file query-v7.pdb (PDB, C-alpha atoms)
ATOM      1  CA  MET A  68      16.894   1.292  17.483
ATOM      2  CA  LYS A  69      15.451   4.720  18.214
ATOM      3  CA  ALA A  70      12.104   4.802  20.040
ATOM      4  CA  LEU A  71       9.159   6.247  18.183
ATOM      5  CA  SER A  72       8.027   9.717  19.228
ATOM      6  CA  THR A  73       4.421  10.685  19.804
ATOM      7  CA  GLN A  74       4.466  12.441  16.425
ATOM      8  CA  ASP A  75       5.743   9.240  14.767
ATOM      9  CA  LEU A  76       2.929   7.203  16.334
ATOM     10  CA  VAL A  77       0.328   9.744  15.243
ATOM     11  CA  LEU A  78       1.677   9.717  11.673
ATOM     12  CA  CYS A  79       1.659   5.903  11.585
ATOM     13  CA  GLY A  80      -1.946   5.953  12.775
ATOM     14  CA  LEU A  81      -2.808   8.585  10.174
ATOM     15  CA  PHE A  82      -1.452   6.470   7.323
ATOM     16  CA  ALA A  83      -3.232   3.390   8.670
ATOM     17  CA  ALA A  84      -6.466   5.438   8.656
ATOM     18  CA  LEU A  85      -5.773   6.648   5.108
ATOM     19  CA  MET A  86      -5.532   2.995   4.049
ATOM     20  CA  VAL A  87      -9.076   2.449   5.356
ATOM     21  CA  ILE A  88     -10.307   5.402   3.311
ATOM     22  CA  GLY A  89      -8.395   4.227   0.238
ATOM     23  CA  ALA A  90      -9.885   0.753   0.598
ATOM     24  CA  ASN A  91     -13.456   1.939   0.624
ATOM     25  CA  LEU A  92     -13.777   4.966  -1.651
ATOM     26  CA  SER A  93     -15.540   2.751  -4.183
ATOM     27  CA  PRO A  94     -16.374  -0.323  -2.082
ATOM     28  CA  PHE A  95     -18.310  -2.309  -4.661
ATOM     29  CA  LEU A  96     -16.437  -1.627  -7.910
ATOM     30  CA  MET A  97     -14.510  -4.738  -8.874
ATOM     31  CA  ILE A  98     -12.565  -6.280 -11.741
ATOM     32  CA  GLY A  99     -12.607 -10.056 -11.502
ATOM     33  CA  SER A 100     -12.648 -10.660  -7.774
ATOM     34  CA  VAL A 101     -10.405  -7.690  -6.933
ATOM     35  CA  PRO A 102     -11.961  -4.441  -5.597
ATOM     36  CA  ILE A 103     -10.807  -1.142  -7.093
ATOM     37  CA  THR A 104      -9.021   0.869  -4.382
ATOM     38  CA  ILE A 105      -6.409   3.600  -4.114
ATOM     39  CA  GLN A 106      -4.531   1.897  -1.283
ATOM     40  CA  LEU A 107      -1.380   1.626  -3.362
ATOM     41  CA  LEU A 108      -1.151   5.438  -3.193
ATOM     42  CA  PHE A 109      -1.193   5.472   0.605
ATOM     43  CA  ALA A 110       1.150   2.491   0.965
ATOM     44  CA  ILE A 111       3.730   4.204  -1.265
ATOM     45  CA  LEU A 112       3.281   7.516   0.545
ATOM     46  CA  ALA A 113       3.638   5.879   3.968
ATOM     47  CA  GLY A 114       7.081   4.538   3.132
ATOM     48  CA  ALA A 115       8.265   7.484   1.061
ATOM     49  CA  VAL A 116       7.169  10.105   3.601
ATOM     50  CA  LEU A 117       7.689   8.301   6.917
ATOM     51  CA  GLY A 118      10.619   6.074   5.929
ATOM     52  CA  SER A 119      10.787   2.308   5.680
ATOM     53  CA  ARG A 120      10.478   1.554   9.398
ATOM     54  CA  LYS A 121       7.529   3.818  10.244
ATOM     55  CA  GLY A 122       5.806   3.292   6.899
ATOM     56  CA  THR A 123       5.973  -0.472   7.352
ATOM     57  CA  LEU A 124       4.668  -0.093  10.904
ATOM     58  CA  ALA A 125       1.685   1.913   9.596
ATOM     59  CA  MET A 126       0.834  -0.846   7.108
ATOM     60  CA  LEU A 127       1.203  -3.539   9.790
ATOM     61  CA  VAL A 128      -1.151  -1.582  12.070
ATOM     62  CA  TYR A 129      -3.695  -1.386   9.244
ATOM     63  CA  MET A 130      -3.408  -5.108   8.556
ATOM     64  CA  PHE A 131      -3.647  -6.199  12.196
ATOM     65  CA  VAL A 132      -6.584  -3.882  12.951
ATOM     66  CA  GLY A 133      -8.422  -5.538  10.071
ATOM     67  CA  LEU A 134      -7.454  -9.034  11.157
ATOM     68  CA  ILE A 135      -8.765  -8.524  14.694
ATOM     69  CA  GLY A 136     -12.160  -7.699  13.264
ATOM     70  CA  ALA A 137     -12.452  -4.006  12.414
ATOM     71  CA  PRO A 138     -14.130  -3.561   8.998
ATOM     72  CA  VAL A 139     -11.168  -1.718   7.440
ATOM     73  CA  PHE A 140     -10.422  -3.856   4.395
ATOM     74  CA  ALA A 141     -12.021  -3.297   0.986
ATOM     75  CA  GLN A 142     -15.808  -3.652   0.967
ATOM     76  CA  PHE A 143     -15.774  -2.966   4.739
ATOM     77  CA  LYS A 144     -14.554  -6.447   5.581
ATOM     78  CA  GLY A 145     -12.430  -7.545   8.512
ATOM     79  CA  GLY A 146     -11.617 -10.421  10.827
ATOM     80  CA  PRO A 147      -9.216 -13.364  10.752
ATOM     81  CA  VAL A 148     -11.292 -15.054   8.038
ATOM     82  CA  GLN A 149      -9.836 -12.463   5.648
ATOM     83  CA  LEU A 150      -6.591 -14.458   5.674
ATOM     84  CA  LEU A 151      -8.436 -16.870   3.385
ATOM     85  CA  SER A 152      -9.686 -14.130   1.064
ATOM     86  CA  PRO A 153      -8.259 -14.206  -2.463
ATOM     87  CA  THR A 154      -7.479 -10.493  -2.122
ATOM     88  CA  PHE A 155      -5.621 -10.689   1.209
ATOM     89  CA  GLY A 156      -2.320 -10.944  -0.674
ATOM     90  CA  PHE A 157      -2.783  -7.333  -1.718
ATOM     91  CA  VAL A 158      -3.089  -6.324   1.939
ATOM     92  CA  LEU A 159       0.154  -8.206   2.619
ATOM     93  CA  SER A 160       1.785  -6.529  -0.352
ATOM     94  CA  PHE A 161       1.195  -3.075   1.123
ATOM     95  CA  VAL A 162       3.708  -3.889   3.872
ATOM     96  CA  ALA A 163       6.331  -4.691   1.218
ATOM     97  CA  VAL A 164       5.330  -1.669  -0.891
ATOM     98  CA  SER A 165       5.791   0.687   2.037
ATOM     99  CA  TYR A 166       9.138  -0.854   2.953
ATOM    100  CA  VAL A 167      10.454  -0.627  -0.622
ATOM    101  CA  SER A 168       9.329   2.966  -1.184
ATOM    102  CA  GLY A 169      10.732   3.865   2.226
ATOM    103  CA  LYS A 170      14.123   2.334   1.505
ATOM    104  CA  LEU A 171      14.414   3.987  -1.903
ATOM    105  CA  VAL A 172      12.899   7.389  -1.095
ATOM    106  CA  GLY A 173      11.916   7.864   2.541
ATOM    107  CA  ASP A 174      15.186   6.881   4.200
ATOM    108  CA  SER A 175      17.307   8.765   1.666
ATOM    109  CA  GLN A 176      18.679  12.189   2.595
ATOM    110  CA  ILE A 177      19.191  13.107  -1.072
ATOM    111  CA  ILE A 178      16.152  12.386  -3.202
ATOM    112  CA  LYS A 179      16.830  11.996  -6.888
ATOM    113  CA  GLN A 180      14.287  11.653  -9.664
ATOM    114  CA  LYS A 181      15.572   8.164 -10.512
ATOM    115  CA  HIS A 182      14.737   7.057  -6.956
ATOM    116  CA  TYR A 183      11.108   8.028  -7.556
ATOM    117  CA  PHE A 184      10.846   6.012 -10.744
ATOM    118  CA  THR A 185      12.619   2.994  -9.266
ATOM    119  CA  ALA A 186      10.504   3.114  -6.109
ATOM    120  CA  GLY A 187       7.310   3.466  -8.135
ATOM    121  CA  PHE A 188       8.134   0.589 -10.445
ATOM    122  CA  LEU A 189       9.222  -1.713  -7.606
ATOM    123  CA  SER A 190       6.173  -0.747  -5.536
ATOM    124  CA  ILE A 191       3.787  -1.771  -8.306
ATOM    125  CA  LEU A 192       5.829  -4.922  -8.901
ATOM    126  CA  CYS A 193       5.658  -5.914  -5.200
ATOM    127  CA  ASN A 194       1.932  -5.225  -5.121
ATOM    128  CA  TYR A 195       1.224  -7.273  -8.229
ATOM    129  CA  ILE A 196       3.534 -10.215  -7.529
ATOM    130  CA  ILE A 197       2.406 -10.777  -3.939
ATOM    131  CA  GLY A 198      -1.261  -9.943  -4.507
ATOM    132  CA  THR A 199      -1.768 -11.785  -7.786
ATOM    133  CA  ASN A 200       0.036 -14.935  -6.698
ATOM    134  CA  TRP A 201      -1.947 -15.043  -3.431
ATOM    135  CA  MET A 202      -5.169 -14.528  -5.369
ATOM    136  CA  TYR A 203      -4.306 -17.290  -7.832
ATOM    137  CA  LEU A 204      -3.410 -19.782  -5.100
ATOM    138  CA  ALA A 205      -6.483 -18.892  -3.047
ATOM    139  CA  LEU A 206      -8.832 -19.321  -5.986
ATOM    140  CA  ILE A 207      -7.229 -22.617  -6.994
ATOM    141  CA  LEU A 208      -6.733 -24.148  -3.529
ATOM    142  CA  TRP A 209      -9.520 -23.015  -1.197
ATOM    143  CA  ALA A 210     -11.830 -20.441  -2.776
ATOM    144  CA  GLU A 211     -14.185 -20.972  -5.660
ATOM    145  CA  ALA A 212     -12.430 -20.115  -8.916
ATOM    146  CA  PRO A 213     -14.465 -18.978 -11.930
ATOM    147  CA  LYS A 214     -14.916 -21.559 -14.644
ATOM    148  CA  GLY A 215     -11.812 -21.789 -16.842
ATOM    149  CA  PHE A 216      -9.707 -19.795 -14.363
ATOM    150  CA  ASN A 217      -5.933 -20.080 -14.828
ATOM    151  CA  TYR A 218      -2.731 -18.216 -13.992
ATOM    152  CA  SER A 219      -2.882 -16.121 -17.169
ATOM    153  CA  MET A 220      -6.416 -15.026 -16.331
ATOM    154  CA  ALA A 221      -5.278 -13.853 -12.881
ATOM    155  CA  TRP A 222      -2.598 -11.676 -14.462
ATOM    156  CA  GLY A 223      -5.034 -10.559 -17.152
ATOM    157  CA  TRP A 224      -7.305  -9.153 -14.457
ATOM    158  CA  MET A 225      -4.384  -7.127 -13.153
ATOM    159  CA  LEU A 226      -3.772  -5.482 -16.524
ATOM    160  CA  ALA A 227      -7.062  -3.665 -16.057
ATOM    161  CA  TYR A 228      -5.631  -2.031 -12.904
ATOM    162  CA  LEU A 229      -2.299  -1.040 -14.414
ATOM    163  CA  PRO A 230      -3.310   2.386 -15.813
ATOM    164  CA  LEU A 231      -4.829   3.413 -12.461
ATOM    165  CA  ASP A 232      -1.823   2.093 -10.528
ATOM    166  CA  LEU A 233       0.632   3.904 -12.818
ATOM    167  CA  ALA A 234      -1.323   7.154 -12.408
ATOM    168  CA  VAL A 235      -1.542   6.719  -8.625
ATOM    169  CA  THR A 236       2.180   5.987  -8.403
ATOM    170  CA  ALA A 237       3.077   9.052 -10.476
ATOM    171  CA  PHE A 238       0.775  11.187  -8.330
ATOM    172  CA  SER A 239       2.284   9.812  -5.119
ATOM    173  CA  PHE A 240       5.750  11.004  -6.065
ATOM    174  CA  PHE A 241       4.384  14.433  -6.927
ATOM    175  CA  LEU A 242       3.069  14.562  -3.340
ATOM    176  CA  VAL A 243       6.128  13.132  -1.547
ATOM    177  CA  PRO A 244       8.387  16.230  -1.633
ATOM    178  CA  LYS A 245       5.511  18.462  -0.539
ATOM    179  CA  LEU A 246       4.546  16.186   2.356
ATOM    180  CA  LYS A 247       8.145  15.696   3.496
ATOM    181  CA  HIS A 248       8.708  19.463   3.397
ATOM    182  CA  ALA A 249       5.532  20.077   5.420
ATOM    183  CA  LEU A 250       6.585  17.502   8.025
ATOM    184  CA  ARG A 251      10.066  18.999   8.301
ATOM    185  CA  ARG A 252       8.584  22.465   8.802
ATOM    186  CA  THR A 253       6.149  21.194  11.439
ATOM    187  CA  HIS A 254       8.917  19.309  13.243
ATOM    188  CA  ASN A 255      11.246  22.334  13.192
ATOM    189  CA  LEU A 256       8.500  24.606  14.535
ATOM    190  CA  LYS A 257       7.877  22.238  17.429
ATOM    191  CA  THR A 258      11.555  21.847  18.320
ATOM    192  CA  ASP A 259      12.231  25.605  18.078
ATOM    193  CA  MET A 260       9.576  26.495  20.673
TER
END

call {"tool": "encode", "arguments": {"input": "query-v7.pdb", "output": "structure tokens"}}
result
Amino acid sequence: MKALSTQDLVLCGLFAALMVIGANLSPFLMIGSVPITIQLLFAILAGAVLGSRKGTLAMLVYMFVGLIGAPVFAQFKGGPVQLLSPTFGFVLSFVAVSYVSGKLVGDSQIIKQKHYFTAGFLSILCNYIIGTNWMYLALILWAEAPKGFNYSMAWGWMLAYLPLDLAVTAFSFFLVPKLKHALRRTHNLKTDM
């Protein structure tokens, strides 16, 4: 396994920082018990731009910084108690999202349009399956569920996010080629000097 360069570490830190920004652009807007964020955008970009290994590392850094107490999660929350939060599954899902988008787009030398669509669809699917199931179990088992809460209601809440998540995913794959090109140019400039 190749060691990470200083540039790789800086880029991982940058994407971890972007996750903090994406978590708290609108810190108190919520649907059900889920805050509205644009973290899915940055999780997809981390994998697609940095590749599966570095993108996943960036998401793990974000998650662990939050778990040790920094207020980096949505609504400026942090600490190990967040493991019990109904929305922590979405934080976990960003690791999977970054890995999937990295495998399908970021690690590929030849990027085809179908890779973008597949990566986008699977990224949203990972985010929703992990996050929604965690939320459902948390609300049923240890958190206080709203009256009449059931599995269908949990998924119903997620339908409200779908248009935003589809738009964010489409936008992310508009950005990917531009960001990858910029990184290649920067890297070539540094190695040519």

call {"tool": "resolve_selection", "arguments": {"input": "query-v7.pdb", "expression": "the PyMOL selection byres ((chain A and resi 79) around 7)", "output": "ChimeraX atom specification"}}
result
/A:75-78,80-83,121-122,124-125

call {"tool": "write_last_selection", "arguments": {"input": "query-v7.pdb", "atoms": "C-alpha atoms", "output": "short mmCIF file (atom, residue, chain, number, x, y, z; two decimals), keeping the file's coordinate frame"}}
result
data_model
loop_
_atom_site.label_atom_id
_atom_site.label_comp_id
_atom_site.auth_asym_id
_atom_site.auth_seq_id
_atom_site.Cartn_x
_atom_site.Cartn_y
_atom_site.Cartn_z
CA ASP A 75 5.74 9.24 14.77
CA LEU A 76 2.93 7.20 16.33
CA VAL A 77 0.33 9.74 15.24
CA LEU A 78 1.68 9.72 11.67
CA GLY A 80 -1.95 5.95 12.78
CA LEU A 81 -2.81 8.59 10.17
CA PHE A 82 -1.45 6.47 7.32
CA ALA A 83 -3.23 3.39 8.67
CA LYS A 121 7.53 3.82 10.24
CA GLY A 122 5.81 3.29 6.90
CA LEU A 124 4.67 -0.09 10.90
CA ALA A 125 1.68 1.91 9.60
#

call {"tool": "closest_residue", "arguments": {"input": "query-v7.pdb", "among": "A:Val128, A:Ala163, A:Leu92, A:Val116", "to": "Leu242 of chain A", "atoms": "only C-alpha atoms"}}
result
A:Val116

call {"tool": "closest_residue", "arguments": {"input": "query-v7.pdb", "among": "A:Phe143, A:Ser72, A:Ala137, A:Val164", "to": "Gly89 of chain A", "atoms": "only C-alpha atoms"}}
result
A:Phe143

call {"tool": "atom_distance", "arguments": {"input": "query-v7.pdb", "atom1": "atom CA of Ser93 of chain A", "atom2": "atom CA of Gln142 of chain A"}}
result
8.2 Å

call {"tool": "closest_residue", "arguments": {"input": "query-v7.pdb", "among": "A:Phe95, A:Phe238, A:Trp222, A:Phe131", "to": "Ile196 of chain A", "atoms": "only C-alpha atoms"}}
result
A:Trp222

call {"tool": "atom_distance", "arguments": {"input": "query-v7.pdb", "atom1": "atom CA of Val162 of chain A", "atom2": "atom CA of Met86 of chain A"}}
result
11.5 Å

call {"tool": "resolve_selection", "arguments": {"input": "query-v7.pdb", "expression": "the PyMOL selection byres ((chain A and resi 210) around 12)", "output": "ChimeraX atom specification"}}
result
/A:100,149-154,201-209,211-213,216

call {"tool": "atom_distance", "arguments": {"input": "query-v7.pdb", "atom1": "atom CA of Thr185 of chain A", "atom2": "atom CA of Ile111 of chain A"}}
result
12.0 Å

call {"tool": "residues_near_point", "arguments": {"input": "query-v7.pdb", "point": "(8.8, -4.1, 5.1)", "cutoff": "12 Å", "atoms": "only C-alpha atoms", "output": "MDAnalysis selection string"}}
result
chainID A and resid 110:111 113:114 118:127 159:170 190 193

call {"tool": "resolve_selection", "arguments": {"input": "query-v7.pdb", "expression": "the PyMOL selection byres ((chain A and resi 229) around 12)", "output": "list of chain:residue names"}}
result
A:Ile98, A:Ile103, A:Leu107, A:Phe188, A:Ile191, A:Leu192, A:Asn194, A:Tyr195, A:Trp222, A:Gly223, A:Trp224, A:Met225, A:Leu226, A:Ala227, A:Tyr228, A:Pro230, A:Leu231, A:Asp232, A:Leu233, A:Ala234, A:Val235, A:Thr236

call {"tool": "write_last_selection", "arguments": {"input": "query-v7.pdb", "atoms": "C-alpha atoms", "output": "short mmCIF file (atom, residue, chain, number, x, y, z; two decimals), keeping the file's coordinate frame"}}
result
data_model
loop_
_atom_site.label_atom_id
_atom_site.label_comp_id
_atom_site.auth_asym_id
_atom_site.auth_seq_id
_atom_site.Cartn_x
_atom_site.Cartn_y
_atom_site.Cartn_z
CA ILE A 98 -12.56 -6.28 -11.74
CA ILE A 103 -10.81 -1.14 -7.09
CA LEU A 107 -1.38 1.63 -3.36
CA PHE A 188 8.13 0.59 -10.44
CA ILE A 191 3.79 -1.77 -8.31
CA LEU A 192 5.83 -4.92 -8.90
CA ASN A 194 1.93 -5.22 -5.12
CA TYR A 195 1.22 -7.27 -8.23
CA TRP A 222 -2.60 -11.68 -14.46
CA GLY A 223 -5.03 -10.56 -17.15
CA TRP A 224 -7.30 -9.15 -14.46
CA MET A 225 -4.38 -7.13 -13.15
CA LEU A 226 -3.77 -5.48 -16.52
CA ALA A 227 -7.06 -3.66 -16.06
CA TYR A 228 -5.63 -2.03 -12.90
CA PRO A 230 -3.31 2.39 -15.81
CA LEU A 231 -4.83 3.41 -12.46
CA ASP A 232 -1.82 2.09 -10.53
CA LEU A 233 0.63 3.90 -12.82
CA ALA A 234 -1.32 7.15 -12.41
CA VAL A 235 -1.54 6.72 -8.62
CA THR A 236 2.18 5.99 -8.40
#

call {"tool": "closest_residue", "arguments": {"input": "query-v7.pdb", "among": "A:Leu117, A:Leu85, A:Val101, A:Ala249", "to": "Ala221 of chain A", "atoms": "only C-alpha atoms"}}
result
A:Val101

call {"tool": "axis_aligned_box", "arguments": {"input": "query-v7.pdb", "around": "segment 231-244 of chain A", "padding_each_side": "6 Å", "output": "AutoDock Vina command-line options"}}
result
--center_x 1.8 --center_y 9.2 --center_z -7.2 --size_x 25.2 --size_y 26.1 --size_z 23.3

call {"tool": "decode", "arguments": {"input": "query-v7.pdb", "residues": "segment 232-249 of chain A", "atoms": "N, CA, C and O atoms", "output": "PDB file, in the first residue's frame"}}
result
ATOM      1  N   ASP A 232     -31.335  15.563  -2.717  1.00  0.00           N
ATOM      2  CA  ASP A 232     -30.227  14.616  -2.882  1.00  0.00           C
ATOM      3  C   ASP A 232     -29.969  14.280  -4.344  1.00  0.00           C
ATOM      4  O   ASP A 232     -28.823  14.106  -4.756  1.00  0.00           O
ATOM      5  N   LEU A 233     -31.025  14.198  -5.151  1.00  0.00           N
ATOM      6  CA  LEU A 233     -30.837  13.966  -6.591  1.00  0.00           C
ATOM      7  C   LEU A 233     -30.147  15.162  -7.241  1.00  0.00           C
ATOM      8  O   LEU A 233     -29.233  14.988  -8.053  1.00  0.00           O
ATOM      9  N   ALA A 234     -30.552  16.366  -6.858  1.00  0.00           N
ATOM     10  CA  ALA A 234     -29.929  17.579  -7.413  1.00  0.00           C
ATOM     11  C   ALA A 234     -28.466  17.681  -6.994  1.00  0.00           C
ATOM     12  O   ALA A 234     -27.590  17.989  -7.812  1.00  0.00           O
ATOM     13  N   VAL A 235     -28.189  17.402  -5.728  1.00  0.00           N
ATOM     14  CA  VAL A 235     -26.818  17.455  -5.209  1.00  0.00           C
ATOM     15  C   VAL A 235     -25.947  16.421  -5.909  1.00  0.00           C
ATOM     16  O   VAL A 235     -24.799  16.699  -6.274  1.00  0.00           O
ATOM     17  N   THR A 236     -26.482  15.234  -6.114  1.00  0.00           N
ATOM     18  CA  THR A 236     -25.724  14.174  -6.784  1.00  0.00           C
ATOM     19  C   THR A 236     -25.424  14.555  -8.232  1.00  0.00           C
ATOM     20  O   THR A 236     -24.297  14.389  -8.702  1.00  0.00           O
ATOM     21  N   ALA A 237     -26.409  15.083  -8.932  1.00  0.00           N
ATOM     22  CA  ALA A 237     -26.182  15.523 -10.315  1.00  0.00           C
ATOM     23  C   ALA A 237     -25.130  16.628 -10.352  1.00  0.00           C
ATOM     24  O   ALA A 237     -24.227  16.616 -11.199  1.00  0.00           O
ATOM     25  N   PHE A 238     -25.212  17.567  -9.432  1.00  0.00           N
ATOM     26  CA  PHE A 238     -24.248  18.660  -9.376  1.00  0.00           C
ATOM     27  C   PHE A 238     -22.845  18.148  -9.067  1.00  0.00           C
ATOM     28  O   PHE A 238     -21.857  18.641  -9.624  1.00  0.00           O
ATOM     29  N   SER A 239     -22.755  17.143  -8.198  1.00  0.00           N
ATOM     30  CA  SER A 239     -21.437  16.616  -7.826  1.00  0.00           C
ATOM     31  C   SER A 239     -20.715  16.052  -9.042  1.00  0.00           C
ATOM     32  O   SER A 239     -19.514  16.255  -9.199  1.00  0.00           O
ATOM     33  N   PHE A 240     -21.437  15.391  -9.926  1.00  0.00           N
ATOM     34  CA  PHE A 240     -20.768  14.798 -11.078  1.00  0.00           C
ATOM     35  C   PHE A 240     -20.541  15.793 -12.209  1.00  0.00           C
ATOM     36  O   PHE A 240     -19.791  15.507 -13.136  1.00  0.00           O
ATOM     37  N   PHE A 241     -21.117  16.973 -12.096  1.00  0.00           N
ATOM     38  CA  PHE A 241     -20.734  18.087 -12.961  1.00  0.00           C
ATOM     39  C   PHE A 241     -19.377  18.619 -12.492  1.00  0.00           C
ATOM     40  O   PHE A 241     -18.535  19.008 -13.297  1.00  0.00           O
ATOM     41  N   LEU A 242     -19.171  18.620 -11.158  1.00  0.00           N
ATOM     42  CA  LEU A 242     -17.936  19.159 -10.586  1.00  0.00           C
ATOM     43  C   LEU A 242     -16.742  18.207 -10.689  1.00  0.00           C
ATOM     44  O   LEU A 242     -15.597  18.654 -10.773  1.00  0.00           O
ATOM     45  N   VAL A 243     -16.997  16.903 -10.651  1.00  0.00           N
ATOM     46  CA  VAL A 243     -15.912  15.915 -10.572  1.00  0.00           C
ATOM     47  C   VAL A 243     -14.865  16.096 -11.666  1.00  0.00           C
ATOM     48  O   VAL A 243     -13.670  16.196 -11.361  1.00  0.00           O
ATOM     49  N   PRO A 244     -15.239  16.127 -12.956  1.00  0.00           N
ATOM     50  CA  PRO A 244     -14.183  16.260 -13.977  1.00  0.00           C
ATOM     51  C   PRO A 244     -13.370  17.535 -13.817  1.00  0.00           C
ATOM     52  O   PRO A 244     -12.156  17.534 -14.019  1.00  0.00           O
ATOM     53  N   LYS A 245     -14.025  18.619 -13.438  1.00  0.00           N
ATOM     54  CA  LYS A 245     -13.320  19.893 -13.265  1.00  0.00           C
ATOM     55  C   LYS A 245     -12.333  19.824 -12.100  1.00  0.00           C
ATOM     56  O   LYS A 245     -11.200  20.288 -12.203  1.00  0.00           O
ATOM     57  N   LEU A 246     -12.761  19.231 -10.990  1.00  0.00           N
ATOM     58  CA  LEU A 246     -11.878  19.116  -9.829  1.00  0.00           C
ATOM     59  C   LEU A 246     -10.715  18.161 -10.092  1.00  0.00           C
ATOM     60  O   LEU A 246      -9.574  18.450  -9.712  1.00  0.00           O
ATOM     61  N   LYS A 247     -11.005  17.046 -10.751  1.00  0.00           N
ATOM     62  CA  LYS A 247      -9.928  16.087 -11.059  1.00  0.00           C
ATOM     63  C   LYS A 247      -8.906  16.717 -12.011  1.00  0.00           C
ATOM     64  O   LYS A 247      -7.703  16.538 -11.841  1.00  0.00           O
ATOM     65  N   HIS A 248      -9.397  17.470 -12.990  1.00  0.00           N
ATOM     66  CA  HIS A 248      -8.500  18.149 -13.928  1.00  0.00           C
ATOM     67  C   HIS A 248      -7.633  19.169 -13.186  1.00  0.00           C
ATOM     68  O   HIS A 248      -6.422  19.253 -13.417  1.00  0.00           O
ATOM     69  N   ALA A 249      -8.237  19.941 -12.299  1.00  0.00           N
ATOM     70  CA  ALA A 249      -7.488  20.939 -11.531  1.00  0.00           C
ATOM     71  C   ALA A 249      -6.420  20.275 -10.655  1.00  0.00           C
ATOM     72  O   ALA A 249      -5.294  20.769 -10.562  1.00  0.00           O
TER      73      ALA A 249
END
